[in-house]
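Reading through the structure tokens given below for one structure.
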Amino acid sequence: MSGTLGAAANPPRTGQEGGWTPRLVLSLISIAVVLEIVSISSTMASVAMMPIGAHFKTDQIAWVTTAYLLAAAVACPLAGKLADIHGKRKVFLACMAVAAFGALVSAVAPSFLILVIGRALFGTLIACMFLGFSLMRDVFPPKTLALAVSLAAGGMGLMTIPSPFITGVLVDAWGFRSIFWFLFIALIVMAPLVVLSTEETPVRNPARLDLVGAALLGGGLAAILAGISFGPSWGWTDSGTLLMIIGGLAVIAIWVPLALRTKDPIVDLRFFRRGPMLRICLSAGLAYGTISLYATLIPIMSMTPAALGLDYGFGVDAKGVGLIQIPMGVGSVIGGIVVGRMLRTKFPTLTLAGGATLMLSASVVTGFWHAGKPEVLFGILLFGLGMGATTASIPNLTIASVPPSVQASMSSMVQASQTLLASILPVIAFAVLNSNVATVIDGYGFYSDNGMTIAYLIGGVSSLAAILVVLTLHRRRQAIVAQAAADSAPSERDPEPAQVA
């Protein structure tokens, strides 16, 4: 992998080297729609969390999101390896198939555990995000690539606009199970469109699968997150809590040296030693952690009855939550389009830092001022703008930093970092919330205003950390550019300008 940010060579493409064609347009639409399904699935699940918790009488509803993201964190590196070996489109379609089965399992789940297992299987769909962008890099002409990626990424909030009518009608009329039926049908319909419109990439990079590493990494992370999740109810000094956390850390400790010695590990830790990718992964993961947490908290806060007197909550139904989230979708689309235009002159580090700054501001605004709808809607719009800028910047930053031969596997590292940190942050926040329960009604706990504020601020801290990391990445790039300019400057002994690779 090139150590110079943005120095990756242009990849071979199966498409024409010119502009847009009808097939490219249809390919962009089909890939973007699958990414929309990823986006709307998170929104739908967040809206359904309170009904799910009430139906199964559990306070562990964070696992509706955590299982989905944790499974994705393990599945993404595997999908990246498979894509490099067998082709990105094949694995893209395979992930859609596994996710469809997971949606079916959740739709018919007789218990909360089975529903969580279905959500974990559905988490495989997150791999389609980096696979879609990597496939676009191989298929789309250079002059259309940046705009296409930005439209696909920024447009991931587009479905938030009509989603009130989808989610509201489904959940209010047929219950939470209907959203999983909807996702199942949507994936079954979209698969043939992807096949017809999108070519398979010829880029290959043979490798082997590290199934042992995947099991150790996934098992260790799951144990740690389970310990953090159940800590408030079991007690932080309880033997079960300690066993989960310490046992998970021990499994991770076993995995690290094995990963360093394995030729093709599930996560190549050696790859973080050079180049900019460690900071890209950290900044992407921290930013997505904020997105995951904020999107989870808004429905819970909005659906809490105002009559409880908790200084927050509007008592809206699922459709009402969707209406409240419309500014997020509008802001996301605007933010993605603006970034797509800015990338003609700006490097993605700047737009990523800008997006994270907007999300930090929104987290603080919503955390402290959420008693009335006007301030909540303002915070949601601000967050949507930041989310759109962030989701459009990260894939463009990865594309600019990774050579084409390992595009899928390296992009999977970024995606794994995003989903891993995005799975951890809600568990931490809900551990705080479960320690700040104000009242319990019919087995479901409603959180105190102070707990809700802290939860939003956790997301703000994550965004702040992302800003600090990405700024170090930008300073490094500036130093590289300055050094290249100095090396290429003519001297008295060499009147001819030097060529910079």
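Residues are named by chain letter and number: chains run A, B, ... in the order of the structure tokens, numbers start at 1 in each chain, and ligands are numbered from 1 in the order shown.
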
DSSP alpha helix (DSSP H) selection over range 35-189 of chain A, as a PDB file with C-alpha atoms, in the first residue's frame:
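Listing of result.pdb after writing:
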```
ATOM      1  CA  LEU A  35     -27.144   1.546   0.485  1.00  0.00           C
ATOM      2  CA  GLU A  36     -30.473   3.256   1.148  1.00  0.00           C
ATOM      3  CA  ILE A  37     -31.772  -0.061   2.483  1.00  0.00           C
ATOM      4  CA  VAL A  38     -28.791  -0.153   4.863  1.00  0.00           C
ATOM      5  CA  SER A  39     -29.638   3.379   5.976  1.00  0.00           C
ATOM      6  CA  ILE A  40     -33.383   2.918   6.360  1.00  0.00           C
ATOM      7  CA  SER A  41     -32.905  -0.396   8.163  1.00  0.00           C
ATOM      8  CA  SER A  42     -31.046   1.407  10.938  1.00  0.00           C
ATOM      9  CA  THR A  43     -33.732   4.092  11.092  1.00  0.00           C
ATOM     10  CA  MET A  44     -36.536   1.519  11.170  1.00  0.00           C
ATOM     11  CA  ALA A  45     -34.835  -0.546  13.858  1.00  0.00           C
ATOM     12  CA  SER A  46     -34.264   2.556  15.987  1.00  0.00           C
ATOM     13  CA  VAL A  47     -37.946   3.506  15.727  1.00  0.00           C
ATOM     14  CA  ALA A  48     -38.960  -0.056  16.607  1.00  0.00           C
ATOM     15  CA  MET A  49     -36.681  -0.391  19.645  1.00  0.00           C
ATOM     16  CA  MET A  50     -39.257   0.792  22.175  1.00  0.00           C
ATOM     17  CA  PRO A  51     -42.024  -1.500  20.800  1.00  0.00           C
ATOM     18  CA  ILE A  52     -39.537  -4.402  20.727  1.00  0.00           C
ATOM     19  CA  GLY A  53     -38.453  -3.745  24.323  1.00  0.00           C
ATOM     20  CA  ALA A  54     -42.075  -3.512  25.480  1.00  0.00           C
ATOM     21  CA  HIS A  55     -43.107  -6.686  23.588  1.00  0.00           C
ATOM     22  CA  PHE A  56     -40.269  -8.842  24.938  1.00  0.00           C
ATOM     23  CA  ALA A  62     -29.322  -1.805  22.743  1.00  0.00           C
ATOM     24  CA  TRP A  63     -28.541  -5.271  21.353  1.00  0.00           C
ATOM     25  CA  VAL A  64     -30.970  -4.656  18.486  1.00  0.00           C
ATOM     26  CA  THR A  65     -28.307  -2.245  17.213  1.00  0.00           C
ATOM     27  CA  THR A  66     -25.204  -3.789  18.776  1.00  0.00           C
ATOM     28  CA  ALA A  67     -25.697  -7.306  17.354  1.00  0.00           C
ATOM     29  CA  TYR A  68     -26.239  -5.799  13.907  1.00  0.00           C
ATOM     30  CA  LEU A  69     -23.048  -3.717  14.093  1.00  0.00           C
ATOM     31  CA  LEU A  70     -20.888  -6.244  15.921  1.00  0.00           C
ATOM     32  CA  ALA A  71     -21.616  -8.959  13.359  1.00  0.00           C
ATOM     33  CA  ALA A  72     -20.834  -6.459  10.611  1.00  0.00           C
ATOM     34  CA  ALA A  73     -17.468  -5.648  12.208  1.00  0.00           C
ATOM     35  CA  VAL A  74     -16.480  -9.304  11.859  1.00  0.00           C
ATOM     36  CA  ALA A  75     -18.218  -9.907   8.526  1.00  0.00           C
ATOM     37  CA  CYS A  76     -16.670  -6.909   6.750  1.00  0.00           C
ATOM     38  CA  PRO A  77     -13.037  -8.162   6.773  1.00  0.00           C
ATOM     39  CA  LEU A  78     -14.230 -11.609   5.643  1.00  0.00           C
ATOM     40  CA  ALA A  79     -16.284 -10.043   2.864  1.00  0.00           C
ATOM     41  CA  GLY A  80     -13.317  -7.916   1.829  1.00  0.00           C
ATOM     42  CA  LYS A  81     -11.057 -10.963   1.547  1.00  0.00           C
ATOM     43  CA  LEU A  82     -13.681 -12.900  -0.410  1.00  0.00           C
ATOM     44  CA  ALA A  83     -14.242  -9.926  -2.710  1.00  0.00           C
ATOM     45  CA  ASP A  84     -10.539  -9.662  -3.506  1.00  0.00           C
ATOM     46  CA  ILE A  85     -10.460 -13.401  -4.287  1.00  0.00           C
ATOM     47  CA  HIS A  86     -13.757 -13.973  -6.107  1.00  0.00           C
ATOM     48  CA  LYS A  88     -16.781  -7.651  -5.529  1.00  0.00           C
ATOM     49  CA  ARG A  89     -20.151  -8.067  -7.247  1.00  0.00           C
ATOM     50  CA  LYS A  90     -20.423 -11.752  -6.265  1.00  0.00           C
ATOM     51  CA  VAL A  91     -19.775 -10.979  -2.603  1.00  0.00           C
ATOM     52  CA  PHE A  92     -22.056  -7.908  -2.751  1.00  0.00           C
ATOM     53  CA  LEU A  93     -24.923 -10.161  -3.853  1.00  0.00           C
ATOM     54  CA  ALA A  94     -24.011 -12.865  -1.307  1.00  0.00           C
ATOM     55  CA  CYS A  95     -24.186 -10.305   1.520  1.00  0.00           C
ATOM     56  CA  MET A  96     -27.612  -9.230   0.282  1.00  0.00           C
ATOM     57  CA  ALA A  97     -28.758 -12.869   0.424  1.00  0.00           C
ATOM     58  CA  VAL A  98     -27.515 -13.426   3.998  1.00  0.00           C
ATOM     59  CA  ALA A  99     -29.092 -10.143   5.116  1.00  0.00           C
ATOM     60  CA  ALA A 100     -32.417 -11.108   3.547  1.00  0.00           C
ATOM     61  CA  PHE A 101     -32.368 -14.353   5.522  1.00  0.00           C
ATOM     62  CA  GLY A 102     -31.570 -12.388   8.698  1.00  0.00           C
ATOM     63  CA  ALA A 103     -34.541 -10.096   8.090  1.00  0.00           C
ATOM     64  CA  LEU A 104     -36.752 -13.157   7.687  1.00  0.00           C
ATOM     65  CA  VAL A 105     -35.473 -14.618  10.990  1.00  0.00           C
ATOM     66  CA  SER A 106     -36.218 -11.350  12.831  1.00  0.00           C
ATOM     67  CA  ALA A 107     -39.674 -11.138  11.260  1.00  0.00           C
ATOM     68  CA  PHE A 112     -35.763 -11.590  21.824  1.00  0.00           C
ATOM     69  CA  LEU A 113     -32.677 -13.816  21.452  1.00  0.00           C
ATOM     70  CA  ILE A 114     -33.811 -15.092  18.042  1.00  0.00           C
ATOM     71  CA  LEU A 115     -34.598 -11.539  16.941  1.00  0.00           C
ATOM     72  CA  VAL A 116     -31.073 -10.473  17.942  1.00  0.00           C
ATOM     73  CA  ILE A 117     -29.619 -13.408  15.969  1.00  0.00           C
ATOM     74  CA  GLY A 118     -31.589 -12.276  12.942  1.00  0.00           C
ATOM     75  CA  ARG A 119     -30.263  -8.745  13.402  1.00  0.00           C
ATOM     76  CA  ALA A 120     -26.721 -10.131  13.527  1.00  0.00           C
ATOM     77  CA  LEU A 121     -27.253 -11.932  10.219  1.00  0.00           C
ATOM     78  CA  PHE A 122     -28.719  -8.760   8.750  1.00  0.00           C
ATOM     79  CA  ALA A 127     -20.407  -4.928   4.000  1.00  0.00           C
ATOM     80  CA  CYS A 128     -22.293  -3.802   0.887  1.00  0.00           C
ATOM     81  CA  MET A 129     -21.367  -0.228   1.760  1.00  0.00           C
ATOM     82  CA  PHE A 130     -17.633  -0.590   1.179  1.00  0.00           C
ATOM     83  CA  LEU A 131     -18.145  -3.259  -1.494  1.00  0.00           C
ATOM     84  CA  GLY A 132     -20.425  -0.899  -3.397  1.00  0.00           C
ATOM     85  CA  PHE A 133     -17.906   1.945  -3.298  1.00  0.00           C
ATOM     86  CA  SER A 134     -15.017  -0.374  -4.216  1.00  0.00           C
ATOM     87  CA  LEU A 135     -17.025  -1.798  -7.104  1.00  0.00           C
ATOM     88  CA  MET A 136     -17.822   1.722  -8.300  1.00  0.00           C
ATOM     89  CA  ARG A 137     -14.118   2.541  -8.266  1.00  0.00           C
ATOM     90  CA  ASP A 138     -13.433  -0.355 -10.618  1.00  0.00           C
ATOM     91  CA  VAL A 139     -16.419   0.225 -12.934  1.00  0.00           C
ATOM     92  CA  PRO A 142     -12.564   8.683 -13.361  1.00  0.00           C
ATOM     93  CA  LYS A 143     -14.479  11.837 -14.281  1.00  0.00           C
ATOM     94  CA  THR A 144     -17.720  10.460 -12.791  1.00  0.00           C
ATOM     95  CA  LEU A 145     -16.315   8.604  -9.787  1.00  0.00           C
ATOM     96  CA  ALA A 146     -16.074  11.326  -7.104  1.00  0.00           C
ATOM     97  CA  LEU A 147     -19.566  12.665  -7.821  1.00  0.00           C
ATOM     98  CA  ALA A 148     -21.046   9.142  -8.054  1.00  0.00           C
ATOM     99  CA  VAL A 149     -19.531   8.111  -4.708  1.00  0.00           C
ATOM    100  CA  SER A 150     -20.678  11.342  -3.057  1.00  0.00           C
ATOM    101  CA  LEU A 151     -24.205  10.965  -4.451  1.00  0.00           C
ATOM    102  CA  ALA A 152     -24.407   7.345  -3.301  1.00  0.00           C
ATOM    103  CA  ALA A 153     -22.996   8.142   0.155  1.00  0.00           C
ATOM    104  CA  GLY A 154     -24.759  11.455   0.736  1.00  0.00           C
ATOM    105  CA  SER A 163     -39.540   6.935   5.663  1.00  0.00           C
ATOM    106  CA  PRO A 164     -42.118   8.450   8.044  1.00  0.00           C
ATOM    107  CA  PHE A 165     -44.870   7.142   5.811  1.00  0.00           C
ATOM    108  CA  ILE A 166     -43.166   3.766   5.421  1.00  0.00           C
ATOM    109  CA  THR A 167     -42.089   3.196   9.019  1.00  0.00           C
ATOM    110  CA  GLY A 168     -45.162   4.811  10.527  1.00  0.00           C
ATOM    111  CA  VAL A 169     -47.656   2.826   8.488  1.00  0.00           C
ATOM    112  CA  LEU A 170     -45.766  -0.432   9.038  1.00  0.00           C
ATOM    113  CA  VAL A 171     -45.124  -0.188  12.785  1.00  0.00           C
ATOM    114  CA  ASP A 172     -48.374   1.511  13.757  1.00  0.00           C
ATOM    115  CA  ALA A 173     -50.592  -0.752  11.630  1.00  0.00           C
ATOM    116  CA  TRP A 174     -48.821  -4.133  11.762  1.00  0.00           C
ATOM    117  CA  ARG A 177     -42.266  -7.314  12.762  1.00  0.00           C
ATOM    118  CA  SER A 178     -43.525  -5.654   9.610  1.00  0.00           C
ATOM    119  CA  ILE A 179     -40.322  -3.649   9.186  1.00  0.00           C
ATOM    120  CA  PHE A 180     -38.321  -6.869   8.897  1.00  0.00           C
ATOM    121  CA  TRP A 181     -40.754  -8.204   6.298  1.00  0.00           C
ATOM    122  CA  PHE A 182     -40.327  -4.944   4.397  1.00  0.00           C
ATOM    123  CA  LEU A 183     -36.515  -5.249   4.437  1.00  0.00           C
ATOM    124  CA  PHE A 184     -36.697  -8.890   3.346  1.00  0.00           C
ATOM    125  CA  ILE A 185     -38.874  -8.051   0.325  1.00  0.00           C
ATOM    126  CA  ALA A 186     -36.782  -4.997  -0.611  1.00  0.00           C
ATOM    127  CA  LEU A 187     -33.566  -7.032  -0.812  1.00  0.00           C
ATOM    128  CA  ILE A 188     -35.207  -9.799  -2.837  1.00  0.00           C
ATOM    129  CA  VAL A 189     -36.440  -7.205  -5.347  1.00  0.00           C
TER     130      VAL A 189
END
```

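Between CA of Gly355 in chain A and CA of Leu471 in chain A lies a distance of 12.5 Å.
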
For this session: Determine the nearest neighbour of Ile380 in chain A from the options A:Asn434, A:Ser332, A:Ser417, A:Ser283, counting only C-alpha atoms.
Result: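 Of the candidates, the smallest distance to Ile380 in chain A is held by A:Ser332.
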
Problem set entry | Proximity to Thr349 in chain A - best of A:Ala465, A:Val267, A:Thr237, A:Leu397, only C-alpha atoms |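 Checking each of A:Ala465, A:Val267, A:Thr237, A:Leu397 against Thr349 in chain A, counting only C-alpha atoms, the winner is A:Leu397.
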
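Note that the spacing between CA of Trp236 in chain A and CA of Leu249 in chain A amounts to 15.7 Å.
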
Dump as a tab-separated table the rows for residues of range 262-286 of chain A within 8 Å of range 418-430 of chain A: closest atom pair and distance in Å with one decimal, only C-alpha atoms counted, ordered by chain and rising residue number.
```
residue	atom	partner	partner_atom	distance
A:Cys281	CA	A:Gln418	CA	7.1
A:Leu282	CA	A:Gln418	CA	8.0
A:Ala284	CA	A:Gln418	CA	5.6
A:Gly285	CA	A:Gln418	CA	3.6
A:Leu286	CA	A:Leu421	CA	6.3
```

Exercise. Do you know which residues are at most 6 Å from range 219-235 of chain A counting only C-alpha atoms, after dropping those on the same chain fewer than 3 positions away, and could you put them as number ranges by chain?
Worked result: A: 215-216, 238, 241, 244-245, 248, 251-252, 427, 431, 435

Exercise. From the list A:Leu278, A:Leu457, A:Val440, A:Gly123, which residue is nearest Asp59 in chain A when using only C-alpha atoms?
Worked result: A:Val440

Problem set entry | Atom-to-atom span, CA of Ala466 in chain A and CA of Gly451 in chain A, Å |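 Interatomic distance, CA of Ala466 in chain A to CA of Gly451 in chain A: 23.2 Å.
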
Problem set entry | DSSP strand (DSSP E or B) residues within range 332-482 of chain A, listed as a ChimeraX atom specification | /A:437-441,444-447

Exercise. Using only C-alpha atoms, which of the listed residues (A:Lys373, A:Leu350, A:Gly367, A:Asp210) sits closest to Pro265 in chain A?
Worked result: A:Asp210
